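Shown next: start06.txt, given as compact mmCIF, C-alpha atoms.
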# COMPACT_ATOMS: atom_id res chain seq x y z
CA MET L 1 0.00 0.00 0.00
CA LYS L 2 2.88 2.34 0.79
CA THR L 3 4.36 1.77 -2.64
CA LYS L 4 1.03 2.54 -4.27
CA HIS L 5 0.70 5.70 -2.22
CA ILE L 6 4.15 6.89 -3.31
CA TYR L 7 3.30 6.12 -6.95
CA LEU L 8 0.04 8.07 -6.81
CA CYS L 9 1.75 11.01 -5.15
CA THR L 10 4.48 10.96 -7.75
CA LEU L 11 1.90 10.73 -10.56
CA LEU L 12 -0.10 13.61 -9.10
CA ALA L 13 3.05 15.68 -8.78
CA LEU L 14 4.05 14.98 -12.37
CA THR L 15 0.55 15.74 -13.58
CA SER L 16 0.53 18.97 -11.64
CA LEU L 17 3.92 19.90 -13.05
CA ALA L 18 2.74 19.14 -16.57
CA ALA L 19 -0.36 21.24 -16.03
CA CYS L 20 1.72 24.11 -14.74
CA LYS L 21 4.12 23.71 -17.62
CA LYS L 22 1.24 23.79 -20.14
CA HIS L 23 -0.21 26.86 -18.47
CA ASP L 24 3.16 28.58 -18.62
CA ASP L 25 3.48 27.74 -22.32
CA ASP L 26 0.02 29.20 -23.02
CA ASP L 27 0.93 32.37 -21.17
CA ASP L 28 4.13 32.63 -23.19
CA ASP L 29 2.19 32.00 -26.42
CA MET L 30 -0.52 34.52 -25.59
CA GLY L 31 2.09 37.10 -24.77
CA LYS L 32 4.08 36.43 -27.91
CA THR L 33 5.00 39.57 -29.84
CA GLN L 34 5.46 39.59 -33.60
CA SER L 35 6.72 42.36 -35.88
CA PHE L 36 4.78 42.97 -39.09
CA THR L 37 5.37 45.03 -42.23
CA VAL L 38 2.36 46.23 -44.23
CA LYS L 39 2.60 47.50 -47.80
CA ILE L 40 -0.32 49.33 -49.44
CA GLU L 41 0.18 49.63 -53.21
CA ASN L 42 -1.75 51.73 -55.68
CA ILE L 43 -1.95 49.21 -58.55
CA GLN L 44 -4.24 51.16 -60.89
CA THR L 45 -3.55 51.42 -64.59
CA PRO L 46 -2.37 55.02 -65.11
CA TYR L 47 -4.99 56.31 -67.51
CA THR L 48 -4.43 59.50 -69.49
CA HIS L 49 -8.11 60.17 -70.27
CA PHE L 50 -11.27 59.89 -68.22
CA GLU L 51 -13.87 58.12 -70.37
CA SER L 52 -14.47 56.99 -73.94
CA GLY L 53 -16.99 55.16 -76.06
CA VAL L 54 -18.73 54.70 -79.39
CA PHE L 55 -21.91 56.04 -80.97
CA SER L 56 -23.22 53.76 -83.70
CA MET L 57 -27.01 53.48 -83.59
CA PRO L 58 -29.04 56.33 -85.13
CA MET L 59 -31.93 57.46 -82.96
CA GLY L 60 -35.09 55.50 -83.74
CA SER L 61 -33.10 52.67 -85.30
CA ASN L 62 -32.55 49.20 -83.87
CA ALA L 63 -29.27 48.57 -85.67
CA ALA L 64 -25.89 50.22 -85.96
CA GLY L 65 -25.19 52.13 -89.16
CA PRO L 66 -24.78 55.54 -90.75
CA ALA L 67 -27.03 58.48 -89.89
CA PHE L 68 -28.54 59.82 -93.10
CA PRO L 69 -29.84 63.38 -93.52
CA GLY L 70 -32.64 64.04 -91.04
CA HIS L 71 -31.32 61.49 -88.53
CA SER L 72 -29.16 61.78 -85.41
CA TYR L 73 -26.83 60.01 -83.04
CA GLN L 74 -27.20 60.53 -79.31
CA PHE L 75 -24.92 59.36 -76.50
CA THR L 76 -24.17 60.15 -72.86
CA VAL L 77 -20.83 61.27 -71.42
CA HIS L 78 -19.59 62.35 -68.00
CA GLY L 79 -17.31 65.26 -67.23
CA GLY L 80 -16.34 67.83 -64.65
CA PRO L 81 -14.60 71.18 -64.52
CA GLY L 82 -11.57 71.09 -66.80
CA THR L 83 -12.77 68.17 -68.93
CA LYS L 84 -13.35 68.30 -72.67
CA LEU L 85 -15.19 66.25 -75.28
CA SER L 86 -13.66 65.16 -78.56
CA PHE L 87 -15.20 62.86 -81.17
CA ALA L 88 -14.87 61.91 -84.82
CA THR L 89 -17.52 60.90 -87.36
CA MET L 90 -16.88 60.36 -91.08
CA TYR L 91 -18.22 62.64 -93.80
CA GLY L 92 -19.54 59.61 -95.67
CA ALA L 93 -19.46 61.07 -99.18
CA SER L 94 -15.67 61.37 -99.14
CA ASN L 95 -12.44 59.42 -99.10
CA ASP L 96 -11.10 60.43 -95.69
CA LEU L 97 -12.95 63.45 -94.34
CA PHE L 98 -14.41 63.60 -90.84
CA PHE L 99 -16.13 65.98 -88.46
CA ALA L 100 -14.45 66.69 -85.12
CA PRO L 101 -13.61 69.52 -82.73
CA ASP L 102 -10.19 71.12 -82.95
CA GLY L 103 -7.20 70.06 -80.87
CA MET L 104 -8.59 71.57 -77.68
CA GLY L 105 -11.88 69.67 -77.71
CA ILE L 106 -15.18 71.08 -76.42
CA ASN L 107 -15.09 72.37 -72.85
CA LEU L 108 -17.87 70.74 -70.85
CA PHE L 109 -17.79 73.35 -68.09
CA ASN L 110 -17.47 77.10 -67.92
CA GLY L 111 -15.93 77.40 -64.47
CA ASN L 112 -18.22 75.24 -62.35
CA THR L 113 -21.21 75.62 -64.69
CA PRO L 114 -22.02 72.88 -67.22
CA VAL L 115 -22.01 73.97 -70.86
CA THR L 116 -25.29 73.29 -72.66
CA GLY L 117 -26.85 74.16 -75.99
CA ASP L 118 -25.56 74.36 -79.55
CA VAL L 119 -21.78 73.83 -79.83
CA THR L 120 -21.65 73.33 -83.60
CA SER L 121 -19.41 76.39 -83.98
CA GLN L 122 -16.63 74.31 -82.36
CA ILE L 123 -16.88 71.52 -84.95
CA TYR L 124 -14.78 71.43 -88.14
CA LEU L 125 -14.50 69.29 -91.25
CA TRP L 126 -11.06 67.64 -91.39
CA ASP L 127 -9.06 65.80 -94.03
CA ALA L 128 -7.14 62.87 -92.48
CA GLY L 129 -4.50 63.02 -95.22
CA THR L 130 -4.52 59.25 -95.61
CA GLU L 131 -6.29 58.77 -98.97
CA VAL L 132 -6.36 60.86 -102.14
CA ASN L 133 -9.58 62.88 -102.36
CA GLU L 134 -12.07 62.26 -105.15
CA MET L 135 -15.19 64.19 -106.15
CA PRO L 136 -17.45 64.22 -103.06
CA GLY L 137 -20.17 61.58 -103.33
CA ASN L 138 -18.92 60.16 -106.66
CA GLY L 139 -15.46 58.72 -106.05
CA PRO L 140 -14.99 55.01 -106.79
CA ASN L 141 -12.97 54.65 -103.56
CA GLN L 142 -15.58 56.21 -101.30
CA PRO L 143 -17.65 53.96 -98.96
CA ALA L 144 -20.80 53.93 -101.10
CA ASN L 145 -18.87 52.85 -104.19
CA GLN L 146 -15.69 51.05 -103.12
CA SER L 147 -15.29 47.28 -103.31
CA GLY L 148 -13.97 47.08 -99.76
CA PRO L 149 -12.43 49.11 -96.95
CA ASN L 150 -9.12 50.91 -97.40
CA THR L 151 -9.02 50.58 -101.17
CA GLY L 152 -8.07 54.08 -102.33
CA PRO L 153 -4.53 55.31 -103.10
CA ASP L 154 -2.54 56.52 -100.11
CA GLU L 155 -2.04 60.25 -99.80
CA HIS L 156 0.78 60.36 -97.22
CA GLY L 157 -0.45 63.74 -96.01
CA THR L 158 -1.25 65.34 -92.67
CA VAL L 159 -4.45 66.04 -90.77
CA ARG L 160 -5.74 69.45 -91.86
CA MET L 161 -8.97 71.40 -91.90
CA ILE L 162 -10.61 70.94 -95.29
CA SER L 163 -10.63 74.71 -95.62
CA ASP L 164 -6.82 74.53 -95.78
CA VAL L 165 -6.81 71.79 -98.43
CA SER L 166 -6.74 72.70 -102.12
CA ASP L 167 -8.19 69.59 -103.74
CA GLY L 168 -10.35 71.42 -106.31
CA TYR L 169 -13.65 70.34 -104.73
CA SER L 170 -16.31 72.24 -102.81
CA TYR L 171 -17.74 71.24 -99.43
CA PRO L 172 -20.72 72.63 -97.51
CA ASP L 173 -20.31 74.62 -94.33
CA VAL L 174 -20.36 72.50 -91.19
CA ALA L 175 -23.35 74.45 -89.85
CA ASN L 176 -25.33 73.52 -92.98
CA THR L 177 -24.47 69.83 -92.58
CA ILE L 178 -24.60 68.84 -88.93
CA LYS L 179 -25.71 70.25 -85.58
CA VAL L 180 -24.11 69.27 -82.27
CA THR L 181 -25.80 70.04 -78.96
CA LEU L 182 -25.14 69.35 -75.27
CA ALA L 183 -27.86 68.88 -72.66
CA THR L 184 -27.67 68.07 -68.96
CA GLY L 185 -28.36 64.50 -67.90
CA ALA L 186 -29.14 62.81 -64.59
CA ASP L 187 -26.71 64.97 -62.61
CA ILE L 188 -24.43 67.95 -63.02
CA ASN L 189 -21.65 65.74 -64.40
CA GLU L 190 -23.75 63.97 -67.02
CA PHE L 191 -24.18 65.31 -70.56
CA VAL L 192 -26.37 64.09 -73.41
CA VAL L 193 -24.65 64.72 -76.74
CA THR L 194 -26.71 64.86 -79.95
CA ILE L 195 -25.10 64.89 -83.40
CA GLU L 196 -27.77 65.66 -85.97
CA ASN L 197 -27.27 65.17 -89.68
CA LEU L 198 -29.40 68.02 -90.98
CA SER L 199 -32.07 67.61 -93.60
CA GLY L 200 -30.59 68.72 -96.89
CA SER L 201 -27.11 67.51 -95.94
CA PRO L 202 -25.26 66.02 -98.94
CA THR L 203 -23.75 63.16 -96.94
CA PRO L 204 -24.42 60.47 -94.41
CA ILE L 205 -22.32 60.59 -91.26
CA SER L 206 -20.83 57.45 -89.77
CA PRO L 207 -20.68 55.77 -86.38
CA GLY L 208 -17.89 57.37 -84.39
CA ALA L 209 -15.68 57.31 -81.30
CA TRP L 210 -15.63 59.83 -78.47
CA VAL L 211 -13.38 60.58 -75.52
CA ILE L 212 -13.41 62.79 -72.42
CA HIS L 213 -10.00 64.30 -71.74
CA THR L 214 -8.25 67.16 -69.99
CA GLY L 215 -5.24 67.71 -72.25
CA ASP L 216 -5.10 68.16 -75.98
CA ASN L 217 -7.26 66.17 -78.37
CA PRO L 218 -6.08 62.52 -78.22
CA LEU L 219 -7.51 61.76 -81.66
CA PHE L 220 -5.03 63.70 -83.80
CA THR L 221 -2.70 66.69 -84.00
CA GLU L 222 -3.31 69.27 -86.70
CA MET L 223 -0.64 69.35 -89.41
CA MET L 224 0.76 66.00 -88.24
CA THR L 225 0.26 62.63 -89.90
CA GLU L 226 -2.58 60.43 -88.70
CA PRO L 227 -1.25 58.88 -85.45
CA GLY L 228 -1.97 55.26 -86.34
CA HIS L 229 -4.49 54.61 -83.57
CA GLY L 230 -7.47 54.03 -85.83
CA LEU L 231 -8.35 57.48 -87.13
CA GLU L 232 -7.62 56.26 -90.67
CA HIS L 233 -10.30 53.55 -90.38
CA GLN L 234 -12.69 56.12 -88.93
CA ALA L 235 -12.05 58.73 -91.63
CA GLU L 236 -11.86 56.40 -94.66
CA ASP L 237 -14.46 53.76 -93.85
CA GLY L 238 -16.60 55.13 -91.02
CA ASP L 239 -15.39 52.30 -88.78
CA PRO L 240 -14.64 53.45 -85.21
CA THR L 241 -13.67 50.02 -83.84
CA THR L 242 -9.88 50.37 -83.83
CA LEU L 243 -9.97 53.96 -82.59
CA ALA L 244 -12.47 53.08 -79.85
CA ASP L 245 -10.37 50.13 -78.69
CA TYR L 246 -7.32 52.37 -78.46
CA LEU L 247 -9.21 55.01 -76.47
CA ALA L 248 -10.71 52.40 -74.14
CA GLY L 249 -7.21 51.25 -73.22
CA ILE L 250 -6.13 54.72 -72.10
CA SER L 251 -9.38 55.90 -70.52
CA GLY L 252 -10.65 55.34 -67.01
CA LEU L 253 -10.86 56.62 -63.45
CA ASN L 254 -7.60 57.07 -61.54
CA THR L 255 -7.64 57.94 -57.86
CA PRO L 256 -4.83 58.68 -55.45
CA LEU L 257 -4.88 57.15 -51.98
CA ALA L 258 -4.50 59.75 -49.26
CA PRO L 259 -2.18 59.46 -46.28
CA GLY L 260 -3.91 57.31 -43.68
CA ILE L 261 -3.86 55.84 -40.21
CA PHE L 262 -3.35 52.33 -38.81
CA VAL L 263 -4.33 50.97 -35.40
CA VAL L 264 -3.36 47.67 -33.73
CA HIS L 265 -6.04 46.76 -31.18
CA LYS L 266 -7.93 44.01 -29.37
CA SER L 267 -10.89 42.17 -30.88
CA ASN L 268 -13.41 43.97 -28.69
CA ARG L 269 -12.38 47.38 -30.00
CA MET L 270 -13.59 49.28 -33.08
CA PRO L 271 -11.15 52.18 -32.96
CA LEU L 272 -11.92 53.88 -36.29
CA PHE L 273 -15.63 53.46 -36.95
CA THR L 274 -18.67 51.28 -36.33
CA ASP L 275 -20.59 49.99 -39.32
CA GLY L 276 -24.05 51.57 -39.29
CA ASN L 277 -23.16 54.38 -36.85
CA ALA L 278 -22.37 58.02 -37.54
CA ALA L 279 -18.72 58.76 -38.29
CA SER L 280 -16.52 60.57 -35.81
CA ALA L 281 -14.99 63.94 -36.62
CA GLY L 282 -11.73 62.09 -37.19
CA ILE L 283 -13.16 59.75 -39.81
CA GLU L 284 -14.91 62.71 -41.43
CA ALA L 285 -11.59 64.51 -41.84
CA LEU L 286 -9.89 61.36 -43.11
CA ALA L 287 -12.65 60.42 -45.56
CA GLU L 288 -13.47 63.90 -46.90
CA ASP L 289 -10.07 65.56 -46.99
CA GLY L 290 -7.47 62.80 -46.63
CA ASN L 291 -6.43 64.17 -43.24
CA PRO L 292 -5.56 61.42 -40.71
CA THR L 293 -4.25 63.75 -37.97
CA VAL L 294 -7.66 64.46 -36.40
CA ILE L 295 -8.42 60.82 -35.67
CA ASP L 296 -4.81 60.20 -34.68
CA MET L 297 -5.11 62.83 -31.95
CA ALA L 298 -8.52 61.50 -30.89
CA LEU L 299 -6.96 58.07 -30.30
CA ASP L 300 -4.22 59.43 -28.04
CA GLY L 301 -6.21 58.58 -24.93
CA MET L 302 -7.12 55.03 -25.94
CA SER L 303 -5.26 52.32 -23.99
CA ASP L 304 -3.97 48.99 -25.31
CA ILE L 305 -3.49 50.16 -28.89
CA THR L 306 -0.60 50.88 -31.19
CA LYS L 307 -1.22 53.49 -33.87
CA GLY L 308 0.54 55.50 -36.49
CA ILE L 309 0.13 57.61 -39.61
CA PHE L 310 1.44 56.51 -43.01
CA SER L 311 2.01 59.49 -45.27
CA MET L 312 5.36 59.12 -47.04
CA PRO L 313 5.20 57.18 -50.34
CA ASP L 314 8.04 54.67 -50.55
CA GLY L 315 11.07 56.30 -52.14
CA GLY L 316 9.55 59.76 -51.73
CA SER L 317 11.06 62.74 -49.96
CA SER L 318 7.87 64.29 -48.61
CA ALA L 319 4.44 63.29 -47.38
CA GLY L 320 1.66 63.18 -49.93
CA PRO L 321 -0.94 61.09 -51.76
CA LEU L 322 -0.23 57.73 -53.33
CA PHE L 323 -0.49 57.66 -57.13
CA PRO L 324 -0.54 54.61 -59.42
CA GLY L 325 2.65 52.58 -59.26
CA HIS L 326 3.60 53.75 -55.76
CA SER L 327 3.18 52.37 -52.25
CA PHE L 328 2.99 53.17 -48.54
CA THR L 329 4.81 50.91 -46.05
CA PHE L 330 4.53 50.84 -42.26
CA MET L 331 5.65 48.52 -39.47
CA PHE L 332 4.34 47.60 -36.02
CA LYS L 333 4.53 44.96 -33.28
CA ALA L 334 1.46 43.00 -32.20
CA SER L 335 0.57 40.25 -29.74
CA LYS L 336 -1.42 37.13 -30.46
CA GLY L 337 -5.09 38.07 -30.52
CA ASP L 338 -4.46 41.59 -31.85
CA ARG L 339 -6.18 42.96 -34.93
CA LEU L 340 -5.25 45.61 -37.50
CA SER L 341 -7.44 48.46 -38.71
CA PHE L 342 -6.52 51.17 -41.23
CA GLY L 343 -8.16 53.99 -43.17
CA SER L 344 -7.11 55.84 -46.33
CA MET L 345 -9.25 58.15 -48.46
CA PHE L 346 -10.34 57.24 -51.99
CA GLY L 347 -9.06 60.58 -53.26
CA GLN L 348 -11.50 61.09 -56.15
CA SER L 349 -14.55 61.10 -53.88
CA ASN L 350 -16.46 63.14 -51.34
CA ASP L 351 -16.11 60.85 -48.31
CA ILE L 352 -15.13 57.33 -49.43
CA PHE L 353 -12.27 55.48 -47.77
CA PHE L 354 -10.48 52.13 -47.85
CA GLY L 355 -10.43 49.94 -44.75
CA PHE L 356 -11.05 46.51 -43.24
CA ASP L 357 -14.27 45.74 -41.37
CA ASP L 358 -14.95 47.88 -38.30
CA LYS L 359 -13.40 45.19 -36.04
CA GLY L 360 -10.25 45.07 -38.15
CA LEU L 361 -8.28 42.14 -39.52
CA ALA L 362 -7.14 39.31 -37.23
CA LEU L 363 -3.34 39.15 -37.27
CA TRP L 364 -3.16 35.49 -36.28
CA LYS L 365 -4.76 32.32 -37.62
CA GLY L 366 -4.44 29.95 -34.72
CA ASN L 367 -0.80 30.15 -33.71
CA THR L 368 0.36 31.41 -37.13
CA PRO L 369 0.84 35.11 -37.92
CA VAL L 370 -1.09 36.28 -40.98
CA SER L 371 1.10 36.58 -44.05
CA GLY L 372 0.62 37.54 -47.68
CA ASP L 373 -2.01 39.34 -49.76
CA VAL L 374 -4.98 40.47 -47.65
CA THR L 375 -6.59 42.73 -50.27
CA SER L 376 -9.73 40.58 -50.31
CA TYR L 377 -10.52 41.86 -46.79
CA VAL L 378 -10.35 45.53 -47.83
CA LYS L 379 -13.60 47.35 -48.59
CA LEU L 380 -14.71 50.76 -49.81
CA TRP L 381 -16.57 52.58 -47.04
CA ASP L 382 -18.82 55.64 -47.28
CA ALA L 383 -18.39 57.84 -44.21
CA GLY L 384 -21.91 59.23 -44.66
CA THR L 385 -20.72 62.76 -43.88
CA GLU L 386 -20.90 64.44 -47.31
CA VAL L 387 -23.27 64.00 -50.23
CA ASN L 388 -21.59 61.90 -52.89
CA GLU L 389 -20.92 63.17 -56.39
CA ARG L 390 -19.88 61.15 -59.40
CA PRO L 391 -16.39 59.77 -58.59
CA GLY L 392 -13.57 61.66 -60.24
CA LEU L 393 -15.71 64.62 -61.31
CA GLY L 394 -17.44 66.27 -58.35
CA ILE L 395 -16.65 69.91 -57.62
CA ASN L 396 -16.67 69.18 -53.87
CA GLN L 397 -14.16 66.35 -54.13
CA ALA L 398 -10.66 66.90 -52.81
CA PRO L 399 -8.85 67.49 -56.13
CA ARG L 400 -11.36 70.17 -57.19
CA GLN L 401 -12.87 71.67 -54.03
CA SER L 402 -11.99 75.19 -52.93
CA GLY L 403 -11.05 74.06 -49.43
CA PRO L 404 -11.55 71.26 -46.89
CA ASN L 405 -15.01 70.32 -45.69
CA THR L 406 -16.87 72.27 -48.38
CA GLY L 407 -19.50 69.81 -49.65
CA PRO L 408 -23.10 69.57 -48.37
CA ASP L 409 -23.59 67.45 -45.24
CA GLU L 410 -25.16 64.04 -45.71
CA ASN L 411 -25.99 63.27 -42.06
CA GLY L 412 -25.69 59.56 -42.75
CA VAL L 413 -23.84 56.60 -41.23
CA VAL L 414 -20.71 54.66 -42.11
CA MET L 415 -21.54 51.86 -44.54
CA GLN L 416 -20.05 50.10 -47.53
CA VAL L 417 -20.39 52.39 -50.51
CA ASN L 418 -23.72 52.00 -52.31
CA ASP L 419 -24.60 55.35 -53.86
CA GLY L 420 -25.66 54.37 -57.39
CA PHE L 421 -22.36 55.41 -58.97
CA THR L 422 -19.87 52.96 -60.45
CA TYR L 423 -16.54 52.31 -58.73
CA PRO L 424 -13.71 49.99 -59.78
CA SER L 425 -13.37 46.93 -57.58
CA VAL L 426 -10.96 47.25 -54.66
CA GLY L 427 -8.72 44.65 -56.28
CA GLN L 428 -8.31 46.90 -59.32
CA LEU L 429 -7.21 49.80 -57.14
CA VAL L 430 -5.01 48.60 -54.30
CA LYS L 431 -2.99 45.66 -53.06
CA VAL L 432 -2.39 45.20 -49.34
CA THR L 433 0.30 42.77 -48.22
CA ILE L 434 1.27 41.77 -44.65
CA THR L 435 4.68 40.24 -43.92
CA PRO L 436 5.67 38.90 -40.48
CA ASN L 437 9.29 39.83 -39.78

Just give me the structure as structure tokens.
Amino acid sequence: MKTKHIYLCTLLALTSLAACKKHDDDDDDMGKTQSFTVKIENIQTPYTHFESGVFSMPMGSNAAGPAFPGHSYQFTVHGGPGTKLSFATMYGASNDLFFAPDGMGINLFNGNTPVTGDVTSQIYLWDAGTEVNEMPGNGPNQPANQSGPNTGPDEHGTVRMISDVSDGYSYPDVANTIKVTLATGADINEFVVTIENLSGSPTPISPGAWVIHTGDNPLFTEMMTEPGHGLEHQAEDGDPTTLADYLAGISGLNTPLAPGIFVVHKSNRMPLFTDGNAASAGIEALAEDGNPTVIDMALDGMSDITKGIFSMPDGGSSAGPLFPGHSFTFMFKASKGDRLSFGSMFGQSNDIFFGFDDKGLALWKGNTPVSGDVTSYVKLWDAGTEVNERPGLGINQAPRQSGPNTGPDENGVVMQVNDGFTYPSVGQLVKVTITPN
């Protein structure tokens, strides 16, 4: 019996020691600290123009084709202060003539006021300089008579106004051939464009391509050869496909990411915002004006967090926004059970920002620190503090507003963006990577 008693005591002691040892290990594991590096990259394609498209179906028709005299094309575009409209449509009774604005395009705004009404005075008849001109409406190499596209003799000339071309033929005034008007659409940044082929016009006009831009006309440069992007097909055969494809590849919304804030916190904290609740003054400043300092100061009194501002693009020499091809990087230490939250303004907006869910991103999966691409957890949030305008165009958005906090109040709550406008997916805009060190 004595031996058994000693054995039991020894077993109990060993069990107790093992239990204590396990408890100590858990404490060590729970208190484990890990260093992390986070990189936020702006991965957007750097577009040079805002928007582009094609008009091809005459009003009242159910099929694409030319607009004959008495018929019109109509299409919708979007622009803001500083944006311009350019387009091209073939003068069908020719070898390579087309209607278009000059190199500056048509301004869509006068200051902050949308331009509406008749803008035909800004449209000209151009010679692409790619095919030798024949008698208007009668040439064997013109669309109505040619055996196939691109069949006439090359001219090897430059793009010029027809008024500067001495080809021995006469052409009607633009104002006696077409009429181009702008009207407001669903909001201040939407325009309905109508190109009317007037009754009595001597020519059909073709489907065409259009583009919204801020610099010079991307379709051509006066007195220079056709740039090889599809204007020749447009001007000779009324086919906008190649030109439209080219414009689509260089047109789209670009947005900078503003300097932002990160917070390392426990799972029971929501340090930046609460989904469905009104935003704090700090989130308002971050989401409307890209200013993370207000919320940074507001978090000074919060215990058990680590926080910081990221504002210096990698390789940069000063703080500023993050443009396509650049990145922010920041580092921190966290314990098992900690979570990461961050916020950075979607610059071309009124109050939209990038961030994880309100409870942040868990930095551990079991006993393993999170590592790799976590972009799928990032969402676009609407702070609900300022009425949204069309992204990239609104006059109260940071790139265009006269000063911070200038747009009308929305008096809403923080929620994932759902305002009826179209935004690129998060994965087209940013990439967020976490690396345990």

Exercise for review: Tell me which protein, DNA and RNA residues are within 7 Å of stretch 295-307 of chain L, counting all atoms listed in the file, leaving out same-chain ones fewer than 5 positions away, and put them as a PyMOL selection string.
Suggested key: chain L and resi 262-265+282-283

Check your understanding: What separation in Å, quoted to one decimal, exists between atom CA of L:Asn277 and atom CA of L:Phe330?
Key -> 28.4 Å

Point to revise | Atomic distance atom CA of L:Gly92 - atom CA of L:Leu182, expressed in Å with one decimal | key: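 We find that atom CA of L:Gly92 and atom CA of L:Leu182 lie 23.3 Å from each other.
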
Practice item. Tell me, as a list in words, which residues lie within 8 Å of stretch 225-235 of chain L, counting all atoms listed in the file; anything in the same chain fewer than 6 positions away does not count. Key: Ala88, Thr89, Met90, Tyr91, Asn95, Asp96, Leu97, Phe98, Ala128, Gly129, Thr130, Asn150, His156, Gly157, Thr158, Val159, Gly208, Leu219, Thr241, Thr242, Leu243, Ala244 and Tyr246 of chain L

Practice item. Record the distance separating atom CA of L:Ser72 and atom CA of L:Thr194, expressed in Å with one decimal. Key: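 Distance reported for this atom pair: 6.7 Å.
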
Check your understanding: Nearest to L:Val211: which of L:Leu247, L:Leu125, L:Ile352, L:Met135 is it, counting only C-alpha atoms?
Key ->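 Using only C-alpha atoms, L:Val211 sits closest to L:Leu247.
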
Determine, for each residue of stretch 347-413 of chain L having at least one atom at most 12 Å from an atom of stretch 49-54 of chain L, the closest pair of atoms and their separation in Å to one decimal, counting only C-alpha atoms; order by chain and ascending number, as CSV.
residue,atom,partner,partner_atom,distance
L:Pro391,CA,L:Phe50,CA,10.9
L:Gly392,CA,L:Phe50,CA,8.5
L:Leu393,CA,L:Phe50,CA,9.5

Could you write out that same residue set with C-alpha atoms as a short mmCIF file (atom, residue, chain, number, x, y, z; two decimals), in the frame of the given file?
data_model
loop_
_atom_site.label_atom_id
_atom_site.label_comp_id
_atom_site.auth_asym_id
_atom_site.auth_seq_id
_atom_site.Cartn_x
_atom_site.Cartn_y
_atom_site.Cartn_z
CA PRO L 391 -16.39 59.77 -58.59
CA GLY L 392 -13.57 61.66 -60.24
CA LEU L 393 -15.71 64.62 -61.31
#
